[in-house]
>>> print(open('my_file_22.tsv').read())   # TSV, C-alpha atoms
chain	number	residue	atom	x	y	z
A	397	MET	CA	5.58	-31.44	9.71
A	398	ASP	CA	7.95	-29.68	7.44
A	399	ALA	CA	6.06	-28.14	4.50
A	400	SER	CA	9.35	-27.53	2.68
A	401	HIS	CA	9.64	-31.28	2.16
A	402	GLY	CA	6.12	-31.61	0.76
A	403	VAL	CA	4.83	-33.43	3.83
A	404	GLY	CA	2.76	-30.65	5.43
A	405	PRO	CA	-0.82	-29.64	4.72
A	406	SER	CA	-1.66	-28.01	1.43
A	407	ALA	CA	-2.27	-24.27	1.24
A	408	ALA	CA	-5.97	-24.93	0.65
A	409	ALA	CA	-6.20	-26.95	3.86
A	410	CYS	CA	-4.67	-24.11	5.86
A	411	GLN	CA	-7.14	-21.45	4.76
A	412	HIS	CA	-9.46	-20.32	7.51
A	413	ARG	CA	-13.15	-20.79	6.89
A	414	THR	CA	-15.92	-18.77	8.40
A	415	ALA	CA	-18.76	-20.51	10.19
A	416	VAL	CA	-22.20	-20.01	8.71
A	417	LEU	CA	-25.49	-19.95	10.60
A	418	GLU	CA	-28.82	-19.65	8.83
A	419	LEU	CA	-31.93	-18.83	10.84
A	420	SER	CA	-35.53	-18.89	9.68
A	421	PRO	CA	-38.77	-18.44	11.60
A	422	LEU	CA	-40.91	-21.48	12.28
A	423	ALA	CA	-44.19	-21.32	10.40
A	424	ASP	CA	-46.43	-22.88	13.02
A	425	ARG	CA	-45.13	-21.58	16.37
A	426	ALA	CA	-42.83	-19.04	18.03
A	427	GLY	CA	-39.30	-20.08	17.30
A	428	VAL	CA	-36.56	-20.49	14.76
A	429	ALA	CA	-34.99	-23.22	12.68
A	430	ALA	CA	-31.21	-23.02	12.69
A	431	ALA	CA	-28.76	-24.57	10.24
A	432	GLY	CA	-24.97	-24.46	10.39
A	433	GLU	CA	-22.64	-23.69	13.28
A	434	ILE	CA	-23.03	-21.64	16.44
A	435	THR	CA	-19.55	-20.31	17.16
A	436	LEU	CA	-17.72	-17.07	17.90
A	437	THR	CA	-18.35	-15.79	14.37
A	438	THR	CA	-22.11	-16.48	14.45
A	439	ARG	CA	-22.82	-15.83	18.13
A	440	THR	CA	-24.10	-12.25	17.74
A	441	VAL	CA	-26.81	-13.28	15.30
A	442	TRP	CA	-27.70	-16.32	17.46
A	443	GLU	CA	-28.01	-14.28	20.64
A	444	GLN	CA	-30.14	-11.64	18.92
A	445	ALA	CA	-32.52	-14.30	17.60
A	446	LEU	CA	-32.85	-15.77	21.10
A	447	ALA	CA	-33.44	-12.33	22.64
A	448	ASP	CA	-36.17	-11.62	20.09
A	449	LEU	CA	-37.91	-14.89	21.00
A	450	VAL	CA	-37.92	-14.00	24.70
A	451	CYS	CA	-39.69	-10.74	23.87
A	452	GLU	CA	-42.38	-12.48	21.80
A	453	GLY	CA	-43.87	-14.24	24.80
A	454	GLY	CA	-45.05	-17.82	25.10
A	455	ASP	CA	-42.94	-20.93	24.73
A	456	VAL	CA	-39.82	-20.89	22.54
A	457	HIS	CA	-39.17	-23.60	19.97
A	458	LEU	CA	-35.74	-24.15	18.44
A	459	ASP	CA	-35.35	-26.60	15.57
A	460	LEU	CA	-31.66	-27.46	15.79
A	461	SER	CA	-31.72	-30.61	13.68
A	462	ALA	CA	-29.57	-28.95	10.98
A	463	VAL	CA	-27.02	-27.48	13.41
A	464	THR	CA	-23.69	-29.25	13.08
A	465	PHE	CA	-21.79	-27.62	15.96
A	466	VAL	CA	-22.45	-25.49	19.05
A	467	ASP	CA	-19.58	-24.16	21.15
A	468	VAL	CA	-19.92	-23.73	24.93
A	469	ALA	CA	-20.72	-20.03	24.63
A	470	GLY	CA	-23.54	-20.87	22.22
A	471	ALA	CA	-24.85	-23.42	24.72
A	472	SER	CA	-24.59	-20.78	27.42
A	473	SER	CA	-26.75	-18.47	25.30
A	474	VAL	CA	-29.44	-21.17	25.19
A	475	ALA	CA	-29.29	-21.66	28.96
A	476	VAL	CA	-29.38	-17.93	29.74
A	477	THR	CA	-32.32	-17.46	27.38
A	478	ALA	CA	-34.21	-20.31	29.06
A	479	GLN	CA	-33.58	-18.69	32.45
A	480	ARG	CA	-35.00	-15.39	31.15
A	481	LEU	CA	-38.25	-16.91	29.95
A	482	GLY	CA	-39.98	-16.51	33.26
A	483	THR	CA	-42.47	-18.64	35.12
A	484	GLY	CA	-44.61	-20.97	33.07
A	485	ARG	CA	-42.66	-20.55	29.82
A	486	ARG	CA	-40.56	-23.33	28.32
A	487	MET	CA	-37.92	-23.77	25.65
A	488	PHE	CA	-38.19	-26.78	23.37
A	489	LEU	CA	-35.03	-27.95	21.57
A	490	ASN	CA	-35.78	-30.21	18.62
A	491	GLY	CA	-32.86	-32.36	17.46
A	492	PRO	CA	-29.97	-30.52	19.13
A	493	PRO	CA	-26.45	-31.70	18.31
A	494	PRO	CA	-24.86	-34.00	20.92
A	495	ALA	CA	-22.36	-31.33	22.02
A	496	LEU	CA	-25.20	-29.00	23.01
A	497	ARG	CA	-26.97	-31.70	24.97
A	498	ARG	CA	-23.73	-32.60	26.79
A	499	ALA	CA	-22.99	-28.96	27.63
A	500	LEU	CA	-26.50	-28.39	29.00
A	501	ASP	CA	-26.37	-31.62	31.04
A	502	THR	CA	-22.92	-30.78	32.39
A	503	PHE	CA	-23.21	-27.08	33.20
A	504	TRP	CA	-26.98	-26.60	33.65
A	505	PRO	CA	-28.34	-29.99	34.80
A	506	ASP	CA	-31.23	-28.51	36.79
A	507	LEU	CA	-32.53	-26.13	34.12
A	508	ALA	CA	-36.17	-27.27	34.08
A	509	ALA	CA	-37.28	-24.69	31.48
A	510	ILE	CA	-35.59	-26.67	28.68
A	511	GLU	CA	-37.15	-29.74	27.11
A	512	VAL	CA	-35.20	-31.72	24.52
A	513	THR	CA	-37.02	-33.63	21.78
A	514	THR	CA	-35.54	-35.71	18.99
>>> encode(input="my_file_22.tsv", output="structure tokens")
Amino acid sequence: MDASHGVGPSAAACQHRTAVLELSPLADRAGVAAAGEITLTTRTVWEQALADLVCEGGDVHLDLSAVTFVDVAGASSVAVTAQRLGTGRRMFLNGPPPALRRALDTFWPDLAAIEVTT
């Protein structure tokens, strides 16, 4: 569209926004509650939180019911973390967004360490 004719997007619509990801520890078990988006701009904080959970021992619980978007690299971080848990440990995903479920089913269909709950 030609913005010079007043048909294109407004300047406000063209501004880039930064994804936000808020993480908080779960009160009753080892894990975190996440809210927001898991993207390139939030990936470092996401991966650090997952790495910390691996070091804590036991099962890992992720409350993802307030996550609105997860890119494929964020899904990969979940899968890699599940693989690092070791024998007998599991990762529980509560309320993951559909895109995360699809990515896990598509790229890691045999990853038995992950259990999805709604």
>>> closest_residue(input="my_file_22.tsv", among="A:Leu481, A:Ala475, A:Leu446, A:Val456", to="Ala426 (chain A)", atoms="all atoms listed in the file")
A:Val456
>>> residues_around(input="my_file_22.tsv", residues="region 468-474 of chain A", least_positions_apart="5", cutoff="7 Å", atoms="all atoms listed in the file", output="NGL selection string")
:A and (434-435 or 439 or 443 or 496 or 499-500)
>>> closest_residue(input="my_file_22.tsv", among="A:Trp442, A:Gly453, A:Asp459, A:Thr437", to="Ala423 (chain A)", atoms="only C-alpha atoms")
A:Asp459
>>> atom_distance(input="my_file_22.tsv", atom1="CA of Met487 (chain A)", atom2="CA of Val416 (chain A)")
23.4 Å
>>> closest_residue(input="my_file_22.tsv", among="A:Ala495, A:Leu460, A:Leu449, A:Val466", to="Glu433 (chain A)", atoms="all atoms listed in the file")
A:Val466
>>> closest_residue(input="my_file_22.tsv", among="A:Gly427, A:Pro421, A:Gly482, A:Gly491", to="Ala509 (chain A)", atoms="all atoms listed in the file")
A:Gly482
>>> closest_residue(input="my_file_22.tsv", among="A:Thr513, A:Asp467, A:His457, A:Asn490", to="Thr438 (chain A)", atoms="only C-alpha atoms")
A:Asp467
>>> residues_around(input="my_file_22.tsv", residues="Glu511 (chain A)", least_positions_apart="3", cutoff="8 Å", atoms="only C-alpha atoms", output="list in words")
Arg486, Met487, Phe488, Leu489 and Ala508 of chain A
>>> closest_residue(input="my_file_22.tsv", among="A:Leu507, A:Leu436, A:Val476, A:Val428", to="Ala415 (chain A)", atoms="all atoms listed in the file")
A:Leu436
>>> atom_distance(input="my_file_22.tsv", atom1="CA of Ala462 (chain A)", atom2="CA of Val512 (chain A)")
14.9 Å
>>> atom_distance(input="my_file_22.tsv", atom1="CA of Leu458 (chain A)", atom2="CA of Ala430 (chain A)")
7.4 Å
>>> decode(input="my_file_22.tsv", residues="region 413-511 of chain A", atoms="C-alpha atoms", output="PDB file, in the first residue's frame")
ATOM      1  CA  ARG A 413       6.947  -3.980  20.199  1.00  0.00           C
ATOM      2  CA  THR A 414       9.066  -6.062  22.485  1.00  0.00           C
ATOM      3  CA  ALA A 415       7.785  -9.393  23.730  1.00  0.00           C
ATOM      4  CA  VAL A 416       7.372  -9.710  27.474  1.00  0.00           C
ATOM      5  CA  LEU A 417       7.751 -12.867  29.537  1.00  0.00           C
ATOM      6  CA  GLU A 418       7.056 -12.934  33.256  1.00  0.00           C
ATOM      7  CA  LEU A 419       8.208 -15.911  35.309  1.00  0.00           C
ATOM      8  CA  SER A 420       7.361 -16.718  38.910  1.00  0.00           C
ATOM      9  CA  PRO A 421       8.118 -19.776  41.014  1.00  0.00           C
ATOM     10  CA  LEU A 422       5.312 -22.182  41.793  1.00  0.00           C
ATOM     11  CA  ALA A 423       4.456 -22.165  45.478  1.00  0.00           C
ATOM     12  CA  ASP A 424       3.694 -25.857  45.904  1.00  0.00           C
ATOM     13  CA  ARG A 425       6.227 -27.667  43.684  1.00  0.00           C
ATOM     14  CA  ALA A 426       9.408 -27.265  41.649  1.00  0.00           C
ATOM     15  CA  GLY A 427       8.557 -25.212  38.628  1.00  0.00           C
ATOM     16  CA  VAL A 428       7.558 -21.864  37.225  1.00  0.00           C
ATOM     17  CA  ALA A 429       4.458 -20.081  36.041  1.00  0.00           C
ATOM     18  CA  ALA A 430       5.035 -18.196  32.812  1.00  0.00           C
ATOM     19  CA  ALA A 431       2.988 -15.369  31.324  1.00  0.00           C
ATOM     20  CA  GLY A 432       3.537 -13.621  28.001  1.00  0.00           C
ATOM     21  CA  GLU A 433       5.515 -14.693  24.956  1.00  0.00           C
ATOM     22  CA  ILE A 434       8.501 -16.976  24.480  1.00  0.00           C
ATOM     23  CA  THR A 435      10.357 -15.529  21.500  1.00  0.00           C
ATOM     24  CA  LEU A 436      13.817 -14.411  20.442  1.00  0.00           C
ATOM     25  CA  THR A 437      13.698 -11.439  22.824  1.00  0.00           C
ATOM     26  CA  THR A 438      12.687 -13.524  25.863  1.00  0.00           C
ATOM     27  CA  ARG A 439      14.525 -16.758  25.080  1.00  0.00           C
ATOM     28  CA  THR A 440      17.576 -16.126  27.289  1.00  0.00           C
ATOM     29  CA  VAL A 441      15.478 -15.678  30.415  1.00  0.00           C
ATOM     30  CA  TRP A 442      13.321 -18.705  29.475  1.00  0.00           C
ATOM     31  CA  GLU A 443      16.306 -20.976  28.911  1.00  0.00           C
ATOM     32  CA  GLN A 444      17.931 -19.881  32.178  1.00  0.00           C
ATOM     33  CA  ALA A 445      14.746 -20.644  34.113  1.00  0.00           C
ATOM     34  CA  LEU A 446      14.574 -24.104  32.529  1.00  0.00           C
ATOM     35  CA  ALA A 447      18.258 -24.777  33.276  1.00  0.00           C
ATOM     36  CA  ASP A 448      17.729 -23.795  36.909  1.00  0.00           C
ATOM     37  CA  LEU A 449      14.834 -26.253  37.187  1.00  0.00           C
ATOM     38  CA  VAL A 450      16.969 -29.115  35.853  1.00  0.00           C
ATOM     39  CA  CYS A 451      19.522 -28.426  38.593  1.00  0.00           C
ATOM     40  CA  GLU A 452      16.891 -28.469  41.349  1.00  0.00           C
ATOM     41  CA  GLY A 453      16.161 -32.160  40.909  1.00  0.00           C
ATOM     42  CA  GLY A 454      12.809 -33.919  40.871  1.00  0.00           C
ATOM     43  CA  ASP A 455      10.014 -33.396  38.401  1.00  0.00           C
ATOM     44  CA  VAL A 456       9.600 -30.046  36.634  1.00  0.00           C
ATOM     45  CA  HIS A 457       6.241 -28.294  36.460  1.00  0.00           C
ATOM     46  CA  LEU A 458       5.545 -25.486  33.997  1.00  0.00           C
ATOM     47  CA  ASP A 459       2.293 -23.551  34.251  1.00  0.00           C
ATOM     48  CA  LEU A 460       1.956 -22.162  30.730  1.00  0.00           C
ATOM     49  CA  SER A 461      -1.719 -21.258  30.864  1.00  0.00           C
ATOM     50  CA  ALA A 462      -0.909 -17.527  30.579  1.00  0.00           C
ATOM     51  CA  VAL A 463       1.588 -17.928  27.719  1.00  0.00           C
ATOM     52  CA  THR A 464       0.164 -16.493  24.511  1.00  0.00           C
ATOM     53  CA  PHE A 465       2.898 -17.533  22.057  1.00  0.00           C
ATOM     54  CA  VAL A 466       5.906 -19.869  21.867  1.00  0.00           C
ATOM     55  CA  ASP A 467       8.179 -19.880  18.834  1.00  0.00           C
ATOM     56  CA  VAL A 468       9.876 -23.078  17.629  1.00  0.00           C
ATOM     57  CA  ALA A 469      13.129 -22.253  19.407  1.00  0.00           C
ATOM     58  CA  GLY A 470      11.200 -21.839  22.665  1.00  0.00           C
ATOM     59  CA  ALA A 471       9.584 -25.228  22.073  1.00  0.00           C
ATOM     60  CA  SER A 472      13.020 -26.661  21.383  1.00  0.00           C
ATOM     61  CA  SER A 473      14.189 -25.343  24.759  1.00  0.00           C
ATOM     62  CA  VAL A 474      11.359 -27.261  26.434  1.00  0.00           C
ATOM     63  CA  ALA A 475      12.250 -30.466  24.574  1.00  0.00           C
ATOM     64  CA  VAL A 476      15.981 -30.181  25.281  1.00  0.00           C
ATOM     65  CA  THR A 477      15.277 -29.524  28.959  1.00  0.00           C
ATOM     66  CA  ALA A 478      13.027 -32.591  29.145  1.00  0.00           C
ATOM     67  CA  GLN A 479      15.798 -34.680  27.584  1.00  0.00           C
ATOM     68  CA  ARG A 480      18.261 -33.425  30.217  1.00  0.00           C
ATOM     69  CA  LEU A 481      16.079 -34.408  33.155  1.00  0.00           C
ATOM     70  CA  GLY A 482      17.441 -37.901  33.351  1.00  0.00           C
ATOM     71  CA  THR A 483      15.854 -41.222  34.158  1.00  0.00           C
ATOM     72  CA  GLY A 484      12.744 -41.165  36.287  1.00  0.00           C
ATOM     73  CA  ARG A 485      12.188 -37.405  36.091  1.00  0.00           C
ATOM     74  CA  ARG A 486       9.294 -35.858  34.179  1.00  0.00           C
ATOM     75  CA  MET A 487       8.224 -32.462  32.918  1.00  0.00           C
ATOM     76  CA  PHE A 488       4.581 -31.481  33.343  1.00  0.00           C
ATOM     77  CA  LEU A 489       3.193 -28.753  31.066  1.00  0.00           C
ATOM     78  CA  ASN A 490      -0.032 -27.250  32.382  1.00  0.00           C
ATOM     79  CA  GLY A 491      -2.132 -25.422  29.791  1.00  0.00           C
ATOM     80  CA  PRO A 492       0.467 -24.927  27.054  1.00  0.00           C
ATOM     81  CA  PRO A 493      -0.548 -22.832  24.042  1.00  0.00           C
ATOM     82  CA  PRO A 494      -1.605 -24.838  20.961  1.00  0.00           C
ATOM     83  CA  ALA A 495       1.532 -23.834  19.017  1.00  0.00           C
ATOM     84  CA  LEU A 496       3.757 -25.436  21.655  1.00  0.00           C
ATOM     85  CA  ARG A 497       1.749 -28.640  21.660  1.00  0.00           C
ATOM     86  CA  ARG A 498       1.897 -28.807  17.846  1.00  0.00           C
ATOM     87  CA  ALA A 499       5.655 -28.194  17.787  1.00  0.00           C
ATOM     88  CA  LEU A 500       6.300 -30.892  20.395  1.00  0.00           C
ATOM     89  CA  ASP A 501       4.031 -33.377  18.581  1.00  0.00           C
ATOM     90  CA  THR A 502       5.644 -32.601  15.224  1.00  0.00           C
ATOM     91  CA  PHE A 503       9.340 -32.452  16.093  1.00  0.00           C
ATOM     92  CA  TRP A 504       9.559 -34.532  19.294  1.00  0.00           C
ATOM     93  CA  PRO A 505       6.668 -37.040  19.104  1.00  0.00           C
ATOM     94  CA  ASP A 506       8.443 -39.722  21.154  1.00  0.00           C
ATOM     95  CA  LEU A 507       9.579 -37.510  24.032  1.00  0.00           C
ATOM     96  CA  ALA A 508       8.129 -39.548  26.901  1.00  0.00           C
ATOM     97  CA  ALA A 509       9.495 -37.249  29.641  1.00  0.00           C
ATOM     98  CA  ILE A 510       6.837 -34.612  28.861  1.00  0.00           C
ATOM     99  CA  GLU A 511       3.265 -34.868  30.078  1.00  0.00           C
TER     100      GLU A 511
END
